[in-house]
Amino acid sequence: MKPAPFRYIVAHSIEEALAAKAEHGEEGRFLAGGQSLVPAMNFRLVQPAVLIDLNPISELAGIERADGVLRIGAMTRYRALERDAIVWRDLPLITHALPEIAHPQIRNRGTIGGNLANADPASELPAIVRALGGRLRARSAISERTIKAADFFVGALTTALAADEMLSAIELPVLPARSGTAFLEMSRRRGDFALAGVAAVVTLDAEEICRNARLAYCGLGDRPIHATAAAQSLIGERLSEAAFAEAARLAQDAVDPQGSVHASKGYQRHLAGVLTRRALRTATERARHGH
Amino acid sequence: MSTRYFGAPIPRNEDRRLLSGQALFVDDVELPGLLHAAFLRSSIAHARIRRIDVTTARKRAGVVAIYTAADLGDYWRPGPLLVPPPPIAGLMFNQRTQVPLAKDKIRHVGEPLAIVLAENRYLAEDALADIEVEVEPLPAVVDLENALSESAARVHGDVAGNIAARAHQRKGDYAAAAAKADHVIRRRFRYDRGASNPIETRGIVASWDARAGHLTVWDTTQAPVFLRNGLAGMLGLSERQVRVIAPFVGGAFGPKIMLFYPEEVVLPWVAIKLNRPVKWIEDRLEHFFATTQERGQIHDAEMALTRDGKILGVKDTFLHDTGAYDPYGLTVPINSQCTLLGPYVVPNYESSFTAVFTNKPAVTPYRGAGRQHGVFVIERLLDIAARELGIDRAEIRRRNFIPPEAFPYNNEIIYQDFAPLEYDSGNYGPVLDKALDMLGYERFVTEEQRRLRAEGRHVGVGIVCYVEGTGIGPYEGAKIQVQANGKVSLVTGIGTQGQGHYTSFAQIVADRLGVDVRDVDVVTGDTDQFYWGAGTFASRGAVVAGNAVNAAATVVREKILRLAAEHFECAEEDLVLADGAVAIAGVPGKSIRLGELALKANPMRGAVRPGTEPGLEATQYFGPPRGATANGVHAMIVELDPDTFVLTINKYVVVHDCGTVINPLILAGQVHGGVAQGIGNAFYEQLVFDDQAQLLNASLADYLLPTALDVPRVELGHTVTPSPLNPLGIKGAGEAGAIPVGPLFAQAIEDALGLPAQGVELLEIPLSPNRLWELVMKGR
């Protein structure tokens, strides 16, 4: 379990990193936290010719709020997100979900950008960014653009990033008042990838009518799945167990579980329903009473 | 014997070295000019080898040599049969043992095809990709029942139906018993494969001293003496030319008793051929293919009972998956066959098994070593009987216990040590009583469970009993020597992998010789330090080596007393051994340190009395007539989420009787660790092979070892029924924690979810949330 030979480049600025990526294209991989890439290299499942280390680039890390949007630098560690007061105040969904991601040692090292760019469909953050309607900033040596989360995740371990692009930041709109969120997942052991997971967002109006809802799933498709029909079914409704059950039923139709050694497709679909009901219950409760 | 240390829960002598990084493990061995090995392993389970071309690979910079089976010449031969089949009438056995490097045929994924020697492991692994292999794929033999069919592919071309062995054992007359039974239960039980996954994988360093004509091998083996003897034989050396050191080993659990692994054969040969030391450390990926595994069996079993729940007889027919090879003989299925009888009176028993070759890694003992399956079958049969006859689960077990006055109790059939299965001693009722008491069984079933169920919670209870055959022969030895500095050297040939031998053996010596337990320096597993021995397996270290240590310490004590009596010109009875000195009782100042006495026992000049042996030293051996049978009860309360089938253990109790206890702290650790492995086996771990015998979860991300969060606090109780078969009265405890956890989970989960009422029975291990969901769905 030793990696194949590779060249290692330390990037000291975004420009340096992007220049190296432009030069090496698909042969070059950015090294962020390395928590997925390095094990994959040790298994020789991936054999990049060049590693471009982003760790020295301090401007890639950090969390700031401006104009109702949280902007999170790609190299921000999970641990920083987990402990950030602004995140807890404005997007507690992230704070609730982060302890489900792997283990503290991994969260100390892993980054949000590395996670999203890796696009593991079982991973929590892609589903969360999808549920929050996030936008991803992509930069190359010659251009910069914004990609909606809905368009960013193209398939298992595949994103819309071009060979010369870097995911530089994530923008997450802060939710309106009387919004509630919940993240729930089922994994075999604490810290394992989810067999099924759901990020639920619910916004109520003053009359307790649901004005907005989003339901995004991890582990239940080849990318994070948004159950649009299920979410739509809640809007305009006074939320109740019956509404949750109907949304759960629609969500079970929306997901596309792949099955694994740990869970059959049928069990995963079953879990999608169970978790949807439970997450909506919690999110609605939080929308009514705050997180 | 004074009892300062023996029986006391003292902390372990070895922990300082382990925790401060001063303990030597195989991978710590660094030698000048060390080469690193990587093995090219088959990615296909069953194939004929057409061609292996290493020409390109040899040219890679840093590669020193590459060898295939063809290069081994006459050295290439199948490994030895470690355990010949026991003398059971009518037994059939096809010996097909593993080979050093696959020559004509590949029989499982991961079987080594070539070894690369390079200046470091990175380069060695790089070169693996340069080797060209051409094979003709053959259909993989995976499923046990399909393997037996006429049309199945053959793992070994000359073995029809892939039958590795057949054996039949019986006592009494089951058919006659069943004919007059009130109730007969028949079920099919399945138990699937797992891997031991010790923290330290296997590893070998081999070094050849050409000037001295001497080979040194550091190996993670559980059997250094056998390894030395075998290597000497294979290499044409005498035993004294080979030194095997099994240093600190980070867990073994049985698979490291297996020999000879291909790597163990090839590395010493390479070290001699290249005259350079060479190291191979198994990585975690390799461990899933290159180390032996356990546990695939299918049982068709029936039990005949009276209406009041007395067992009249059991009949069991089972298939045993032995994998691609059977170097360990029939130990595992024989253990299944024998351990099924448990702590119960089974007057009539008929058991036959067929061991089957498959294209999977070979099966050899892994903690429990087949006992799990037998316990699963009898305990589940009793659960079903209890339900169908309307008897409490604890009560039906109690009614069938072998009564205390019936010991020694002869079960008549032949055990793994070739002797009749005879339990030496036991008193089972109090063990069950204590477990029920610690669990709060009565209150739980009469009050708490009812109350929680009314709240909509799904809680259940499980109680299972088992016996563990331990401490089998042949023998172990120990050499004890008082050093001039007053420390006591203790050397034994048995290996060690974390069981606490540096402490428990020292406790025996410390009390005998009146020294501080920290002043006993224990060395194990170095064949140059102690020549004889068998190894650490079958829960035998404390029983067999422990009693050898005791015997040697007793002789040294006698020598000390004799010499001190001469020195003080007093009677031996007037002497006391304490605080590292011998003193005349009640006479202040009349005392001599043991180290000083040791010097006197080795005079530099002058004459000695004829027959005098130098030093305060003795070597003694111990071999029991047969194994000592320990027993125990596991009980637990679980709660299930009825929607996700996630399981929480609310309480876990183990009550255990392993005779005299040397160190309760170490014993608790053994049981806790065993329970953790048992929980893994019951609810987390499973080696999942596809229909091409490809392992689908060969990593610790997908092979789910239970973590600290999944293993509950284990409440431990003991009763003590000493073994009459050894002077210390010890029985083994190494496997007790792991053996009965499967049926415990099945019983408790059934109870929590009310599965029998839904027509669902849990007749397989491992279970998982997914599997529970599938079974419940099938029941609907």
# chains A, B, ... in the order shown; residues from 1 in each chain; ligands from 1
$ interface_residues --of "chain A" --to "chain B" --cutoff "7 Å" --atoms "only C-alpha atoms" --output "ChimeraX atom specification"
/A:1-2,4,261-264,267,271,274
$ write_last_selection --atoms "C-alpha atoms" --output "PDB file, in the first residue's frame"
ATOM      1  CA  MET A   1       0.000   0.000   0.000  1.00  0.00           C
ATOM      2  CA  LYS A   2       2.558   2.519  -1.176  1.00  0.00           C
ATOM      3  CA  ALA A   4       2.998   5.080  -7.281  1.00  0.00           C
ATOM      4  CA  VAL A 261     -21.955  -4.721   0.870  1.00  0.00           C
ATOM      5  CA  HIS A 262     -23.617  -2.977   3.827  1.00  0.00           C
ATOM      6  CA  ALA A 263     -27.053  -2.209   2.472  1.00  0.00           C
ATOM      7  CA  SER A 264     -29.319  -3.514  -0.226  1.00  0.00           C
ATOM      8  CA  TYR A 267     -33.016  -1.173   2.676  1.00  0.00           C
ATOM      9  CA  LEU A 271     -34.037   4.293   5.170  1.00  0.00           C
ATOM     10  CA  VAL A 274     -37.545   6.749   7.679  1.00  0.00           C
TER      11      VAL A 274
END
$ residues_around --residues "Thr158 (chain A)" --least-positions-apart "3" --cutoff "10 Å" --atoms "only C-alpha atoms" --output "list in words"
Leu116, Ala117, Asn118, Ala119, Asp120, Pro121, Phe152, Phe153, Val154, Gly155, Leu161, Asp222 and Arg223 of chain A
$ write_last_selection --atoms "N, CA, C and O atoms" --output "compact mmCIF listing (two decimals), in the first residue's frame"
# COMPACT_ATOMS: atom_id res chain seq x y z
N LEU A 116 -15.81 18.58 -1.42
CA LEU A 116 -16.77 18.83 -2.50
C LEU A 116 -16.17 18.49 -3.87
O LEU A 116 -16.84 17.91 -4.72
N ALA A 117 -14.89 18.82 -4.04
CA ALA A 117 -14.25 18.53 -5.32
C ALA A 117 -14.07 17.03 -5.52
O ALA A 117 -14.04 16.54 -6.65
N ASN A 118 -14.00 16.29 -4.40
CA ASN A 118 -13.89 14.83 -4.51
C ASN A 118 -15.23 14.22 -4.90
O ASN A 118 -15.29 13.16 -5.50
N ALA A 119 -16.33 14.89 -4.54
CA ALA A 119 -17.68 14.50 -4.97
C ALA A 119 -18.02 13.04 -4.70
O ALA A 119 -18.54 12.33 -5.55
N ASP A 120 -17.70 12.60 -3.48
CA ASP A 120 -18.11 11.24 -3.11
C ASP A 120 -19.62 11.27 -2.83
O ASP A 120 -20.07 12.02 -1.97
N PRO A 121 -20.39 10.46 -3.54
CA PRO A 121 -21.85 10.55 -3.37
C PRO A 121 -22.33 10.13 -1.98
O PRO A 121 -23.45 10.45 -1.60
N PHE A 152 -22.98 21.28 -10.16
CA PHE A 152 -21.57 20.98 -9.87
C PHE A 152 -21.30 19.48 -9.83
O PHE A 152 -20.28 18.99 -10.30
N PHE A 153 -22.24 18.74 -9.19
CA PHE A 153 -22.01 17.29 -9.00
C PHE A 153 -22.57 16.54 -10.21
O PHE A 153 -23.77 16.49 -10.43
N VAL A 154 -21.67 15.97 -10.98
CA VAL A 154 -22.05 15.40 -12.27
C VAL A 154 -22.23 13.89 -12.17
O VAL A 154 -23.01 13.28 -12.89
N GLY A 155 -21.54 13.26 -11.24
CA GLY A 155 -21.62 11.81 -11.07
C GLY A 155 -20.71 11.41 -9.94
O GLY A 155 -20.15 12.28 -9.26
N LEU A 161 -15.97 20.75 -12.70
CA LEU A 161 -14.70 21.49 -12.80
C LEU A 161 -13.92 21.04 -14.03
O LEU A 161 -13.83 19.84 -14.32
N ASP A 222 -25.73 8.41 -7.42
CA ASP A 222 -24.34 8.57 -7.85
C ASP A 222 -23.85 10.00 -7.61
O ASP A 222 -22.75 10.36 -7.95
N ARG A 223 -24.73 10.82 -6.99
CA ARG A 223 -24.40 12.20 -6.62
C ARG A 223 -25.41 12.61 -5.55
O ARG A 223 -26.37 11.86 -5.33
$ select_by_dssp --residues "region 169-363 of chain B" --states "strand (DSSP E or B)" --output "MDAnalysis selection string"
chainID B and resid 169:171 183:191 194 203:209 214:219 242:245 278:281 293:294 297:305 311:323 344 348:357 363
$ atom_distance --atom1 "CA of Pro740 (chain B)" --atom2 "CA of Val375 (chain B)"
6.2 Å
$ closest_residue --among "A:Gly259, A:Ala248, A:Glu144, A:Ala182" --to "Thr284 (chain A)" --atoms "only C-alpha atoms"
A:Ala182
$ select_by_dssp --residues "region 103-264 of chain A" --states "helix (DSSP H, G or I)" --output "number ranges by chain"
A: 104-109, 112-118, 124-131, 149-152, 228-234, 241-254
$ closest_residue --among "A:Leu136, A:Leu31, A:Leu18, A:Leu70" --to "Lys148 (chain A)" --atoms "only C-alpha atoms"
A:Leu136
$ atom_distance --atom1 "CA of Gly113 (chain A)" --atom2 "CA of Gly221 (chain A)"
20.7 Å
$ residues_around --residues "Gly33 (chain A)" --least-positions-apart "4" --cutoff "7 Å" --atoms "only C-alpha atoms" --output "list in words"
Arg109, Gly110, Thr111 and Gly114 of chain A
$ residues_around --residues "Pro99 (chain A)" --least-positions-apart "2" --cutoff "10 Å" --atoms "only C-alpha atoms" --output "PyMOL selection string"
chain A and resi 78-79+82+94-97+101-104+107+190-191
$ write_last_selection --atoms "C-alpha atoms" --output "PDB file, in the first residue's frame"
ATOM      1  CA  TYR A  78     -14.024  20.684   8.819  1.00  0.00           C
ATOM      2  CA  ARG A  79     -12.978  21.420  12.355  1.00  0.00           C
ATOM      3  CA  GLU A  82     -17.689  22.767  13.116  1.00  0.00           C
ATOM      4  CA  ILE A  94     -23.615  22.476   8.949  1.00  0.00           C
ATOM      5  CA  THR A  95     -22.820  22.497  12.657  1.00  0.00           C
ATOM      6  CA  HIS A  96     -25.315  19.717  13.281  1.00  0.00           C
ATOM      7  CA  ALA A  97     -23.975  17.595  10.437  1.00  0.00           C
ATOM      8  CA  ILE A 101     -18.298  13.306   9.181  1.00  0.00           C
ATOM      9  CA  ALA A 102     -15.557  10.785   9.876  1.00  0.00           C
ATOM     10  CA  HIS A 103     -13.583  11.242  13.107  1.00  0.00           C
ATOM     11  CA  PRO A 104     -12.003  14.230  14.872  1.00  0.00           C
ATOM     12  CA  ARG A 107     -11.912  16.619  10.598  1.00  0.00           C
ATOM     13  CA  ARG A 190     -19.999   6.408  13.934  1.00  0.00           C
ATOM     14  CA  GLY A 191     -17.908   8.192  11.352  1.00  0.00           C
TER      15      GLY A 191
END
$ residues_around --residues "region 447-456 of chain B" --least-positions-apart "3" --cutoff "12 Å" --atoms "only C-alpha atoms" --output "list in words"
Gly440, Tyr441, Glu442, Arg443, Phe444, Val459, Gly460, Val461, Ile637, Val638, Glu639, Leu640, Asp641, Pro642, Asp751, Ala752, Leu753 and Gly754 of chain B
$ write_last_selection --atoms "N, CA and C atoms" --output "PDB file, in the first residue's frame"
ATOM      1  N   GLY B 440     -30.051  -8.881  36.260  1.00  0.00           N
ATOM      2  CA  GLY B 440     -31.374  -8.503  36.767  1.00  0.00           C
ATOM      3  C   GLY B 440     -32.457  -9.136  35.915  1.00  0.00           C
ATOM      4  N   TYR B 441     -32.250 -10.416  35.593  1.00  0.00           N
ATOM      5  CA  TYR B 441     -33.103 -11.094  34.611  1.00  0.00           C
ATOM      6  C   TYR B 441     -34.566 -11.115  35.025  1.00  0.00           C
ATOM      7  N   GLU B 442     -34.818 -11.573  36.259  1.00  0.00           N
ATOM      8  CA  GLU B 442     -36.214 -11.711  36.711  1.00  0.00           C
ATOM      9  C   GLU B 442     -36.954 -10.383  36.608  1.00  0.00           C
ATOM     10  N   ARG B 443     -36.321  -9.345  37.147  1.00  0.00           N
ATOM     11  CA  ARG B 443     -36.965  -8.038  37.161  1.00  0.00           C
ATOM     12  C   ARG B 443     -37.155  -7.514  35.731  1.00  0.00           C
ATOM     13  N   PHE B 444     -36.151  -7.796  34.897  1.00  0.00           N
ATOM     14  CA  PHE B 444     -36.245  -7.302  33.525  1.00  0.00           C
ATOM     15  C   PHE B 444     -37.438  -7.923  32.793  1.00  0.00           C
ATOM     16  N   VAL B 459     -37.044  -3.590  23.474  1.00  0.00           N
ATOM     17  CA  VAL B 459     -35.916  -4.104  24.259  1.00  0.00           C
ATOM     18  C   VAL B 459     -36.042  -5.614  24.372  1.00  0.00           C
ATOM     19  N   GLY B 460     -34.881  -6.265  24.397  1.00  0.00           N
ATOM     20  CA  GLY B 460     -34.881  -7.723  24.477  1.00  0.00           C
ATOM     21  C   GLY B 460     -33.709  -8.214  25.285  1.00  0.00           C
ATOM     22  N   VAL B 461     -33.795  -9.483  25.662  1.00  0.00           N
ATOM     23  CA  VAL B 461     -32.756 -10.055  26.507  1.00  0.00           C
ATOM     24  C   VAL B 461     -32.233 -11.338  25.856  1.00  0.00           C
ATOM     25  N   ILE B 637     -28.833  -7.176  27.455  1.00  0.00           N
ATOM     26  CA  ILE B 637     -30.094  -6.504  27.155  1.00  0.00           C
ATOM     27  C   ILE B 637     -29.826  -5.528  26.014  1.00  0.00           C
ATOM     28  N   VAL B 638     -30.622  -5.637  24.963  1.00  0.00           N
ATOM     29  CA  VAL B 638     -30.433  -4.758  23.807  1.00  0.00           C
ATOM     30  C   VAL B 638     -31.699  -3.974  23.525  1.00  0.00           C
ATOM     31  N   GLU B 639     -31.505  -2.888  22.806  1.00  0.00           N
ATOM     32  CA  GLU B 639     -32.647  -2.129  22.305  1.00  0.00           C
ATOM     33  C   GLU B 639     -32.469  -1.928  20.806  1.00  0.00           C
ATOM     34  N   LEU B 640     -33.537  -2.153  20.062  1.00  0.00           N
ATOM     35  CA  LEU B 640     -33.496  -2.002  18.614  1.00  0.00           C
ATOM     36  C   LEU B 640     -34.381  -0.841  18.185  1.00  0.00           C
ATOM     37  N   ASP B 641     -33.901  -0.105  17.194  1.00  0.00           N
ATOM     38  CA  ASP B 641     -34.762   0.866  16.520  1.00  0.00           C
ATOM     39  C   ASP B 641     -35.566   0.058  15.497  1.00  0.00           C
ATOM     40  N   PRO B 642     -36.885  -0.026  15.636  1.00  0.00           N
ATOM     41  CA  PRO B 642     -37.662  -0.924  14.784  1.00  0.00           C
ATOM     42  C   PRO B 642     -37.748  -0.443  13.339  1.00  0.00           C
ATOM     43  N   ASP B 751     -35.968 -11.313  20.536  1.00  0.00           N
ATOM     44  CA  ASP B 751     -36.813 -10.929  21.667  1.00  0.00           C
ATOM     45  C   ASP B 751     -37.213  -9.454  21.577  1.00  0.00           C
ATOM     46  N   ALA B 752     -36.238  -8.608  21.254  1.00  0.00           N
ATOM     47  CA  ALA B 752     -36.512  -7.167  21.231  1.00  0.00           C
ATOM     48  C   ALA B 752     -37.553  -6.816  20.174  1.00  0.00           C
ATOM     49  N   LEU B 753     -37.446  -7.455  19.015  1.00  0.00           N
ATOM     50  CA  LEU B 753     -38.334  -7.100  17.908  1.00  0.00           C
ATOM     51  C   LEU B 753     -39.577  -7.981  17.844  1.00  0.00           C
ATOM     52  N   GLY B 754     -39.653  -8.948  18.769  1.00  0.00           N
ATOM     53  CA  GLY B 754     -40.789  -9.864  18.728  1.00  0.00           C
ATOM     54  C   GLY B 754     -40.848 -10.629  17.414  1.00  0.00           C
TER      55      GLY B 754
END
